[in-house]
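Reading through the structure tokens given below for one structure.
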Amino acid sequence: MPRLREWLEIRIGLDELVHSQLTDYRVAKNINFFYTLGIVALVAFVFQAFTGILLMFYYIPDEKDAFQSIQFIMNHVPYGWLFRLMHVMGANLMVAVVLLHMGSVFSLGSYKKPRELTWVVGALLLLTVLGFTLSGYLLPWSQLSFWATTVVTDIPSAFPLVGGLISKILRGSENVSGVTLNRFFALHVAFFPFLFSSLFALHVFLVRRIGISAPPSDSQEPEEWKEFHHESHPDGPPFYPDFVSKEAFMVIIYLIVMFAIISMAPALFIPHDAGIAADPLNTPEHIRPEWYFLAPYEMLKLIPNRFLGIALQVVLVVVFIFWPFMDKSEKTNILKRPLMLATFLVTIMVYLGLTVWGSR
Amino acid sequence: MQRRGFLKLLASILGLSALGAFAYPLFRFLLPVEAALVTKNLSIPKGEVPVNTTKDLMFGATPIIILDIPDKGYLAFSKVCTHLGCLVKFDKDRQEFICPCHAGTFDLEGNVVSGPPPKPLRKFAVRVEGDNLVIG
Amino acid sequence: MRSLLTVICLLCLVSVSEGAWTELLQKEFPKTPWAQRPRVERTVCIDCHDSDLMKPEYKAIPGEWRKNWHYRNGVSCQDCHGGDPKDAARSMTPQSGFLGVQKPKEIPEFCGKCHLGIKENYLESGHGKALMTTGRGPNCVLCHHSHDIQKASLEIINPKLCGICHTYDRAREMKAALLLTEAKINEINGNLQTLKAGLIDTQDEEETLFRTQAEYRTLFHSVDVTLVKARTVEFAKKLDALSQQVGKGFKELKFRQDFSTFILLIFVGLGITVFLWGRRKE
């Protein structure tokens with residue numbers, strides 16, 4: 001081992017790299033577990049990519065064979081069930097982690113100057129993740145896949161003039177068909193991974209370039225940011241091993257949750273309609289989107305005018321992406337900003353409420 | 001110091017076990033799937049299926065029916081109706097397969113003519129090799 | 001004279017063609033593929049039969065119908081009775097193949113349009129022969145009713161119903177033989193549902209179970225005690241083979257649970273270790 005280290009040291013300056021990136025790189029003194037969620041999201045993505053590629057070894061992206069190929073993976077390929085279930089659970093857990101990450105960055109005020117761009121890229125990452133879930137949902141070609149996709153790709157048609165065109169481009173045909181399956185497969189395994197990786201690289205670059213933020217503390221007011229400099233924490237603990245051990249712990253919690261669900265409730269995210277092959281002539285009685293879309297879905301159902309409902313959601317998404325430019329206050333401690341705290345809590349309550357309502 | 005060393009050791013052991021617990025399934029997953037899943041071909045003498053008659057057989061775990069139809073040659077279908085699983089019977093006069101449970105009807109191609117079956121009858125390939133018929 | 005002849009010709013033609021129509025359409029229902037139909041909630045038939053103008057026994061029909069197992073499976077008025085379910089003017093005409101209340105002798109053919117296997121067994125049975133020769137005897141409607149048809153169960157065989165014409169002893173013997181098989185079938189079905197919930201593929205086993213149950217219930221319609229008792233043994237063997245398949249399914253399910261739990265425990269151990277290791281640093 002020491003020989004290998006020396007070999008690398010001579011060629012790439014390993015020691016300096018380890019010092020600057022790991023052992024001498026310091027994080028804020030009061031850093032908390034919420035800061036690990038970004039890395040957990042990355043690990044979740046890596047698991048998805050890995051299990052996804054394994055599934056691609058046996059999955060057939062054609063409407064005639066897709067459903068049957070998944071049944072084959074689940075029942076005849078040795079341990080096929082394991083990797084498929086990891087992929088399904090992982091998809092849902094990743095969305096949960098990303099939402100928690102977003103919520104904690106928001107409540108810790110880490111999106112403020114100079115980190116507005118990091119937030120914007122992060123928002124785009126969230127949209128990419130949702131793109132993954134939407135495109136991936138169709139691939140099993142079950143009744144659930146087919147009809148949920150029909151509902152979702154119908155939504156843009158509420159827009160005047162271009163709406164119908166957008167729906168048609170998404171589907172590649174008048175209604176959801178084998179063409180849509182091919183299209184969504186290409187998006188899911190090629191376009192979105194590429195997009196995610198690029199955005200992620202940019203996101204991490206920004207975080208490291210600007211420096212990890214510090215959670216708001218009672219003693220200090222945040223410094224005014226006038227010109228570029230790297231935010232350092234000279235009196236904080238080293239990234240390795242202190243923060244890395246926190247990150248490792250959170251990753252293991254993620255895996256524990258995933259395997260707890262796989263061993264105790266393997267059909268949790270695979271309802272009855274997911275076990276029936278798609279039948280374009282027969283709409284099942286209760287088609288609902290997956291849990292993370294229940295809130296916007298319920299909202300659309302509540303607003304009487306279809307166009308208004310969708311326009312409102314588009315507006316909310318735009319507000320979400322450009323939030324740092326709307327909240328220009330320099331104060332980061334949300335506990336000292338009652339109005340902001342109230343808005344945040346109300347938003348969460350409304351989201352949870354709509355989700356529960358939509359699940360009935 | 002001893003305790004930290006112990007924890008590090010424990011973490012390595014557990015980490016390696018976790019990796020091993022995934023490595024074995026991954027290895028089995030990547031190997032070719034057992035050919036035993038594919039039922040071996042079935043061979044019967046041609047004489048057992050004279051023209052315009054049918055014969056019932058088992059192909060692996062599936063009950064099948066073989067017929068010799070003038071103009072169409074030898075045909076082999078699964079007898080399992082695609083509605084709920086009852087076994088179909090061949091009606092010579094109508095030249096159709098009819099299921100006694102809910103009158104699901106299939107033509108000589110196996111396609112659904114009427115009734116509740118959602119899919120065509122599963123068809124099997126039949127070849128003539130010398131004096132034998134090979135199914136599968 | 002010519003006009004009289006013409007009238008007679010026309011009358012003959014109409015009556016023959018009507019009869020021919022009816023017979024043709026009677027044999028053709030349902031004549032198209034109709035896989036997994038959605039439930040039909042409203043037809044012109046139900047619209048009229050729901051109205052207050054109807055006689056009480058006709059008005060009761062839609063209510064009874066909604067309890068019907070056929071309704072739940074997308075089978076509607078016209079599938080049995082013919083007629084046009086969308087056009088009130090043609091809903092009960094002979095030309096659209098309408099069949100109204102059937103005479104007792106016509107009932108087996110009426111239900112037997114779809115339930116072919118049962119019709120065959122029934123017509124060969126003592127019950128069927130009695131009905132067809134004397135015009136009196138138990139037909140489908142007596143035991144299964146006409147509009148509130150429930151999923152077939154062994155409770156249909158009871159002293160009240162069977163005792164209408166004769167003593168209950170033969171029926172009791174047959175019911176006892178059927179009860180055991182029925183219990184086995186229900187147990188296997190329950191197990192298959194459990195496996196399905198654990199994501200094990202049960203398609204083949206479900207189909208085998210269904211056809212075994214269908215054959216076995218069809219068998220009862222022969223009302224032949226000796227036959228039922230003899231075939232019960234045969235069915236028991238088939239069901240045992242099926243139970244073994246189910247057992248294999250449970251083994252696989254258990255293996256999956258055990259394996260996932262094993263990995264879970266490794267991660268729990270790892271989590272505790274990393275947590276403690278992290279704490280040591282502070």
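In the structure tokens, the first chain shown is A, the next is B, and so on; residue numbers restart at 1 for each chain, and ligands run from 1 in the order shown.
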
Find the residues of chain B that sit at most 7 Å from chain C; for each, write down the nearest two atoms and how far apart they are in Å, to one decimal. Count only C-alpha atoms. Sort by chain, then by number going up, and give it as a tab-separated table.
```
residue	atom	partner	partner_atom	distance
B:Arg4	CA	C:Trp277	CA	6.6
B:Leu7	CA	C:Thr273	CA	6.1
B:Ala11	CA	C:Leu270	CA	5.9
B:Leu14	CA	C:Leu270	CA	5.9
B:Gly15	CA	C:Leu270	CA	6.9
B:Ala18	CA	C:Ile266	CA	6.3
B:Ala21	CA	C:Ile263	CA	6.8
B:Leu84	CA	C:Glu207	CA	5.8
B:Gly85	CA	C:Glu207	CA	4.2
B:Cys86	CA	C:Arg211	CA	4.4
B:Pro100	CA	C:Gly117	CA	4.4
B:Cys101	CA	C:His115	CA	5.5
B:His102	CA	C:Cys114	CA	4.8
B:Ala103	CA	C:Cys114	CA	4.8
B:Val112	CA	C:Pro33	CA	6.3
B:Val113	CA	C:Pro33	CA	5.9
B:Ser114	CA	C:Pro33	CA	3.9
B:Gly115	CA	C:Pro33	CA	4.8
B:Pro116	CA	C:Ala35	CA	4.3
B:Pro117	CA	C:Ala35	CA	5.4
B:Pro118	CA	C:Ala35	CA	4.6
```

Saved selection, atoms kept: N, CA and C atoms, as a PDB file, in the first residue's frame:
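Here's the written file part-v1.pdb:
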```pdb
ATOM      1  N   ARG B   4     -10.911   2.020  18.730  1.00  0.00           N
ATOM      2  CA  ARG B   4     -11.059   2.577  17.384  1.00  0.00           C
ATOM      3  C   ARG B   4     -10.582   1.594  16.343  1.00  0.00           C
ATOM      4  N   LEU B   7     -13.240  -0.911  15.878  1.00  0.00           N
ATOM      5  CA  LEU B   7     -14.359  -0.411  15.077  1.00  0.00           C
ATOM      6  C   LEU B   7     -13.993  -0.393  13.594  1.00  0.00           C
ATOM      7  N   ALA B  11     -15.911  -2.399  10.794  1.00  0.00           N
ATOM      8  CA  ALA B  11     -16.483  -1.723   9.620  1.00  0.00           C
ATOM      9  C   ALA B  11     -15.988  -2.378   8.336  1.00  0.00           C
ATOM     10  N   LEU B  14     -17.752  -5.800   7.894  1.00  0.00           N
ATOM     11  CA  LEU B  14     -19.135  -5.623   7.463  1.00  0.00           C
ATOM     12  C   LEU B  14     -19.208  -5.073   6.042  1.00  0.00           C
ATOM     13  N   GLY B  15     -18.310  -4.145   5.747  1.00  0.00           N
ATOM     14  CA  GLY B  15     -18.296  -3.576   4.399  1.00  0.00           C
ATOM     15  C   GLY B  15     -18.026  -4.640   3.368  1.00  0.00           C
ATOM     16  N   ALA B  18     -20.993  -6.864   2.927  1.00  0.00           N
ATOM     17  CA  ALA B  18     -22.026  -6.208   2.112  1.00  0.00           C
ATOM     18  C   ALA B  18     -21.663  -6.336   0.637  1.00  0.00           C
ATOM     19  N   ALA B  21     -22.185  -9.815  -0.435  1.00  0.00           N
ATOM     20  CA  ALA B  21     -23.612 -10.121  -0.533  1.00  0.00           C
ATOM     21  C   ALA B  21     -24.198  -9.609  -1.837  1.00  0.00           C
ATOM     22  N   LEU B  84     -59.477 -17.400 -18.671  1.00  0.00           N
ATOM     23  CA  LEU B  84     -59.224 -17.745 -17.274  1.00  0.00           C
ATOM     24  C   LEU B  84     -58.509 -19.078 -17.104  1.00  0.00           C
ATOM     25  N   GLY B  85     -58.214 -19.764 -18.230  1.00  0.00           N
ATOM     26  CA  GLY B  85     -57.384 -20.957 -18.103  1.00  0.00           C
ATOM     27  C   GLY B  85     -58.050 -22.293 -18.349  1.00  0.00           C
ATOM     28  N   CYS B  86     -59.350 -22.307 -18.694  1.00  0.00           N
ATOM     29  CA  CYS B  86     -59.978 -23.587 -19.006  1.00  0.00           C
ATOM     30  C   CYS B  86     -59.368 -24.145 -20.295  1.00  0.00           C
ATOM     31  N   PRO B 100     -65.250 -24.341 -23.159  1.00  0.00           N
ATOM     32  CA  PRO B 100     -66.542 -24.687 -22.565  1.00  0.00           C
ATOM     33  C   PRO B 100     -66.954 -23.806 -21.403  1.00  0.00           C
ATOM     34  N   CYS B 101     -66.016 -22.994 -20.885  1.00  0.00           N
ATOM     35  CA  CYS B 101     -66.360 -22.205 -19.706  1.00  0.00           C
ATOM     36  C   CYS B 101     -67.198 -20.976 -20.040  1.00  0.00           C
ATOM     37  N   HIS B 102     -66.740 -20.169 -20.982  1.00  0.00           N
ATOM     38  CA  HIS B 102     -67.504 -18.969 -21.336  1.00  0.00           C
ATOM     39  C   HIS B 102     -67.582 -18.753 -22.842  1.00  0.00           C
ATOM     40  N   ALA B 103     -67.484 -19.845 -23.585  1.00  0.00           N
ATOM     41  CA  ALA B 103     -67.655 -19.810 -25.045  1.00  0.00           C
ATOM     42  C   ALA B 103     -66.644 -18.922 -25.752  1.00  0.00           C
ATOM     43  N   VAL B 112     -58.666 -14.635 -31.606  1.00  0.00           N
ATOM     44  CA  VAL B 112     -59.950 -14.629 -30.919  1.00  0.00           C
ATOM     45  C   VAL B 112     -61.047 -14.246 -31.913  1.00  0.00           C
ATOM     46  N   VAL B 113     -62.062 -15.111 -32.022  1.00  0.00           N
ATOM     47  CA  VAL B 113     -63.189 -14.818 -32.913  1.00  0.00           C
ATOM     48  C   VAL B 113     -64.300 -14.151 -32.132  1.00  0.00           C
ATOM     49  N   SER B 114     -64.593 -14.692 -30.954  1.00  0.00           N
ATOM     50  CA  SER B 114     -65.625 -14.066 -30.123  1.00  0.00           C
ATOM     51  C   SER B 114     -65.418 -14.461 -28.673  1.00  0.00           C
ATOM     52  N   GLY B 115     -66.092 -13.750 -27.800  1.00  0.00           N
ATOM     53  CA  GLY B 115     -66.052 -14.084 -26.385  1.00  0.00           C
ATOM     54  C   GLY B 115     -64.997 -13.303 -25.619  1.00  0.00           C
ATOM     55  N   PRO B 116     -64.827 -13.649 -24.333  1.00  0.00           N
ATOM     56  CA  PRO B 116     -63.983 -12.857 -23.444  1.00  0.00           C
ATOM     57  C   PRO B 116     -62.467 -13.037 -23.517  1.00  0.00           C
ATOM     58  N   PRO B 117     -61.892 -13.995 -24.265  1.00  0.00           N
ATOM     59  CA  PRO B 117     -60.423 -14.097 -24.206  1.00  0.00           C
ATOM     60  C   PRO B 117     -59.727 -12.836 -24.692  1.00  0.00           C
ATOM     61  N   PRO B 118     -58.719 -12.355 -23.983  1.00  0.00           N
ATOM     62  CA  PRO B 118     -58.061 -11.121 -24.381  1.00  0.00           C
ATOM     63  C   PRO B 118     -56.938 -11.318 -25.400  1.00  0.00           C
TER      64      PRO B 118
END
```

Checklist entry - Given a cut-off of 12 Å, which residues of chain B touch chain A, counting only C-alpha atoms, written out as a ChimeraX atom specification? => result /B:8,11,14-15,18,21-38,118-119

Would you mind exporting N, CA and C atoms of the selected residues as an mmCIF file, in the first residue's frame?
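Result saved to out_31.cif:
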```
data_model
loop_
_atom_site.group_PDB
_atom_site.id
_atom_site.type_symbol
_atom_site.label_atom_id
_atom_site.label_comp_id
_atom_site.auth_asym_id
_atom_site.auth_seq_id
_atom_site.Cartn_x
_atom_site.Cartn_y
_atom_site.Cartn_z
ATOM 1 N N LYS B 8 -12.762 0.018 13.328
ATOM 2 C CA LYS B 8 -12.333 0.064 11.923
ATOM 3 C C LYS B 8 -12.359 -1.329 11.319
ATOM 4 N N ALA B 11 -15.911 -2.399 10.794
ATOM 5 C CA ALA B 11 -16.483 -1.723 9.620
ATOM 6 C C ALA B 11 -15.988 -2.378 8.336
ATOM 7 N N LEU B 14 -17.752 -5.800 7.894
ATOM 8 C CA LEU B 14 -19.135 -5.623 7.463
ATOM 9 C C LEU B 14 -19.208 -5.073 6.042
ATOM 10 N N GLY B 15 -18.310 -4.145 5.747
ATOM 11 C CA GLY B 15 -18.296 -3.576 4.399
ATOM 12 C C GLY B 15 -18.026 -4.640 3.368
ATOM 13 N N ALA B 18 -20.993 -6.864 2.927
ATOM 14 C CA ALA B 18 -22.026 -6.208 2.112
ATOM 15 C C ALA B 18 -21.663 -6.336 0.637
ATOM 16 N N ALA B 21 -22.185 -9.815 -0.435
ATOM 17 C CA ALA B 21 -23.612 -10.121 -0.533
ATOM 18 C C ALA B 21 -24.198 -9.609 -1.837
ATOM 19 N N PHE B 22 -23.539 -8.624 -2.432
ATOM 20 C CA PHE B 22 -23.998 -8.145 -3.734
ATOM 21 C C PHE B 22 -23.237 -8.804 -4.874
ATOM 22 N N ALA B 23 -21.971 -9.154 -4.596
ATOM 23 C CA ALA B 23 -21.143 -9.694 -5.678
ATOM 24 C C ALA B 23 -21.681 -11.029 -6.181
ATOM 25 N N TYR B 24 -22.096 -11.904 -5.246
ATOM 26 C CA TYR B 24 -22.595 -13.210 -5.675
ATOM 27 C C TYR B 24 -23.860 -13.086 -6.532
ATOM 28 N N PRO B 25 -24.899 -12.349 -6.074
ATOM 29 C CA PRO B 25 -26.074 -12.172 -6.926
ATOM 30 C C PRO B 25 -25.740 -11.549 -8.271
ATOM 31 N N LEU B 26 -24.798 -10.583 -8.258
ATOM 32 C CA LEU B 26 -24.425 -9.939 -9.509
ATOM 33 C C LEU B 26 -23.833 -10.957 -10.467
ATOM 34 N N PHE B 27 -22.969 -11.811 -9.938
ATOM 35 C CA PHE B 27 -22.334 -12.845 -10.741
ATOM 36 C C PHE B 27 -23.385 -13.788 -11.339
ATOM 37 N N ARG B 28 -24.317 -14.258 -10.521
ATOM 38 C CA ARG B 28 -25.361 -15.169 -10.999
ATOM 39 C C ARG B 28 -26.270 -14.473 -12.008
ATOM 40 N N PHE B 29 -26.523 -13.184 -11.756
ATOM 41 C CA PHE B 29 -27.392 -12.396 -12.630
ATOM 42 C C PHE B 29 -26.804 -12.322 -14.030
ATOM 43 N N LEU B 30 -25.463 -12.172 -14.082
ATOM 44 C CA LEU B 30 -24.832 -11.953 -15.376
ATOM 45 C C LEU B 30 -24.607 -13.231 -16.172
ATOM 46 N N LEU B 31 -24.604 -14.380 -15.473
ATOM 47 C CA LEU B 31 -24.419 -15.640 -16.187
ATOM 48 C C LEU B 31 -25.618 -15.905 -17.089
ATOM 49 N N PRO B 32 -25.443 -16.739 -18.144
ATOM 50 C CA PRO B 32 -26.588 -17.039 -19.005
ATOM 51 C C PRO B 32 -27.687 -17.695 -18.184
ATOM 52 N N VAL B 33 -28.932 -17.325 -18.466
ATOM 53 C CA VAL B 33 -30.054 -17.893 -17.724
ATOM 54 C C VAL B 33 -30.209 -19.357 -18.127
ATOM 55 N N GLU B 34 -30.524 -20.209 -17.139
ATOM 56 C CA GLU B 34 -30.569 -21.658 -17.374
ATOM 57 C C GLU B 34 -31.419 -22.048 -18.559
ATOM 58 N N ALA B 35 -30.827 -22.883 -19.398
ATOM 59 C CA ALA B 35 -31.566 -23.335 -20.571
ATOM 60 C C ALA B 35 -32.684 -24.290 -20.203
ATOM 61 N N ALA B 36 -32.676 -24.769 -18.960
ATOM 62 C CA ALA B 36 -33.733 -25.700 -18.537
ATOM 63 C C ALA B 36 -35.104 -25.051 -18.577
ATOM 64 N N LEU B 37 -35.102 -23.723 -18.627
ATOM 65 C CA LEU B 37 -36.385 -23.035 -18.669
ATOM 66 C C LEU B 37 -37.092 -23.270 -19.998
ATOM 67 N N VAL B 38 -36.269 -23.467 -21.019
ATOM 68 C CA VAL B 38 -36.854 -23.680 -22.342
ATOM 69 C C VAL B 38 -37.185 -25.156 -22.481
ATOM 70 N N PRO B 118 -58.719 -12.355 -23.983
ATOM 71 C CA PRO B 118 -58.061 -11.121 -24.381
ATOM 72 C C PRO B 118 -56.938 -11.318 -25.400
ATOM 73 N N LYS B 119 -56.381 -12.552 -25.458
ATOM 74 C CA LYS B 119 -55.222 -12.745 -26.335
ATOM 75 C C LYS B 119 -55.426 -13.989 -27.185
#
```

Hey, could you make a per-residue contact list for chain A against chain C with 8 Å as the cut-off, showing the nearest pair of atoms and its distance in Å to one decimal, counting only C-alpha atoms, sorted by chain and number, as a tab-separated table?
```
residue	atom	partner	partner_atom	distance
A:Gln71	CA	C:Asp201	CA	7.6
A:Met74	CA	C:Ile200	CA	7.8
A:Asn75	CA	C:Asp201	CA	6.5
A:Asp242	CA	C:Gly278	CA	6.7
A:Ser245	CA	C:Gly278	CA	5.6
A:Lys246	CA	C:Gly278	CA	7.1
A:Ala248	CA	C:Val274	CA	7.3
A:Phe249	CA	C:Gly271	CA	5.8
A:Ile252	CA	C:Gly271	CA	5.7
A:Ile253	CA	C:Gly271	CA	6.9
A:Leu255	CA	C:Phe267	CA	7.0
A:Ile256	CA	C:Leu264	CA	5.8
A:Phe259	CA	C:Leu264	CA	5.4
A:Ala260	CA	C:Leu264	CA	6.4
A:Ile262	CA	C:Ser260	CA	6.5
A:Ser263	CA	C:Gln257	CA	4.9
A:Met264	CA	C:Gln257	CA	7.3
A:Ala265	CA	C:Gly198	CA	8.0
A:Pro266	CA	C:Gly198	CA	6.4
A:Ala267	CA	C:Gly198	CA	6.4
A:Asn282	CA	C:Pro38	CA	7.2
```

Those residues you just picked out, can you put them in a file as a PDB file, in the first residue's frame with C-alpha atoms?
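Resulting contents of result-v8.pdb:
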```
ATOM      1  CA  GLN A  71     -41.723 -10.641 -15.580  1.00  0.00           C
ATOM      2  CA  MET A  74     -38.524 -10.890 -11.679  1.00  0.00           C
ATOM      3  CA  ASN A  75     -39.137 -14.626 -11.920  1.00  0.00           C
ATOM      4  CA  ASP A 242     -15.388  14.065  10.377  1.00  0.00           C
ATOM      5  CA  SER A 245     -18.184   9.724   8.539  1.00  0.00           C
ATOM      6  CA  LYS A 246     -21.454  11.705   8.784  1.00  0.00           C
ATOM      7  CA  ALA A 248     -21.198   7.508   5.270  1.00  0.00           C
ATOM      8  CA  PHE A 249     -23.671   7.126   8.096  1.00  0.00           C
ATOM      9  CA  ILE A 252     -26.041   3.618   5.205  1.00  0.00           C
ATOM     10  CA  ILE A 253     -29.348   4.893   6.622  1.00  0.00           C
ATOM     11  CA  LEU A 255     -29.565   1.674   2.281  1.00  0.00           C
ATOM     12  CA  ILE A 256     -31.184   0.468   5.506  1.00  0.00           C
ATOM     13  CA  PHE A 259     -33.654  -2.888   2.287  1.00  0.00           C
ATOM     14  CA  ALA A 260     -36.174  -2.603   5.096  1.00  0.00           C
ATOM     15  CA  ILE A 262     -37.511  -4.667   0.128  1.00  0.00           C
ATOM     16  CA  SER A 263     -37.589  -7.296   2.863  1.00  0.00           C
ATOM     17  CA  MET A 264     -40.823  -6.263   4.582  1.00  0.00           C
ATOM     18  CA  ALA A 265     -42.991  -4.643   1.909  1.00  0.00           C
ATOM     19  CA  PRO A 266     -41.629  -5.529  -1.536  1.00  0.00           C
ATOM     20  CA  ALA A 267     -44.857  -4.578  -3.284  1.00  0.00           C
ATOM     21  CA  ASN A 282     -59.334  -0.636 -21.271  1.00  0.00           C
TER      22      ASN A 282
END
```

Can you list, as a compact mmCIF listing (two decimals) with N, CA and C atoms, in the first residue's frame, every protein, DNA or RNA residue that comes within 10 Å of Gln68 of chain A when you count only C-alpha atoms, leaving out same-chain residues fewer than 4 positions away?
```
# COMPACT_ATOMS: atom_id res chain seq x y z
N TYR A 59 -33.96 -6.22 -20.18
CA TYR A 59 -35.20 -5.54 -20.55
C TYR A 59 -35.28 -5.36 -22.06
N ILE A 60 -36.48 -5.53 -22.64
CA ILE A 60 -36.67 -5.34 -24.08
C ILE A 60 -37.59 -4.14 -24.28
N GLU A 63 -43.05 -2.64 -27.28
CA GLU A 63 -44.35 -2.83 -26.64
C GLU A 63 -44.78 -4.29 -26.59
N LYS A 64 -44.28 -5.09 -27.52
CA LYS A 64 -44.68 -6.51 -27.51
C LYS A 64 -44.03 -7.27 -26.37
N PHE A 72 -39.89 -11.74 -16.71
CA PHE A 72 -38.76 -12.66 -16.83
C PHE A 72 -37.68 -12.31 -15.82
N ILE A 73 -37.36 -11.01 -15.74
CA ILE A 73 -36.35 -10.56 -14.78
C ILE A 73 -36.78 -10.90 -13.36
N MET A 74 -38.04 -10.68 -13.05
CA MET A 74 -38.52 -10.89 -11.68
C MET A 74 -38.58 -12.36 -11.31
N PRO A 140 -42.14 -0.35 -17.84
CA PRO A 140 -42.68 -1.69 -17.62
C PRO A 140 -43.88 -2.02 -18.50
N TRP A 141 -44.48 -0.99 -19.11
CA TRP A 141 -45.62 -1.19 -20.03
C TRP A 141 -46.74 -1.96 -19.35
N SER A 142 -47.06 -1.59 -18.13
CA SER A 142 -48.20 -2.20 -17.45
C SER A 142 -49.40 -1.25 -17.60
N ALA A 277 -50.52 -6.39 -17.92
CA ALA A 277 -49.94 -5.79 -19.13
C ALA A 277 -50.85 -4.69 -19.67
```

Item to check | Backbone DSSP call of strand (DSSP E or B) for segment 52-125 of chain B, listed as a ChimeraX atom specification | outcome: /B:54-59,62-69,73-78,80,87,89-91,96-98,105-106,112-115,123-124
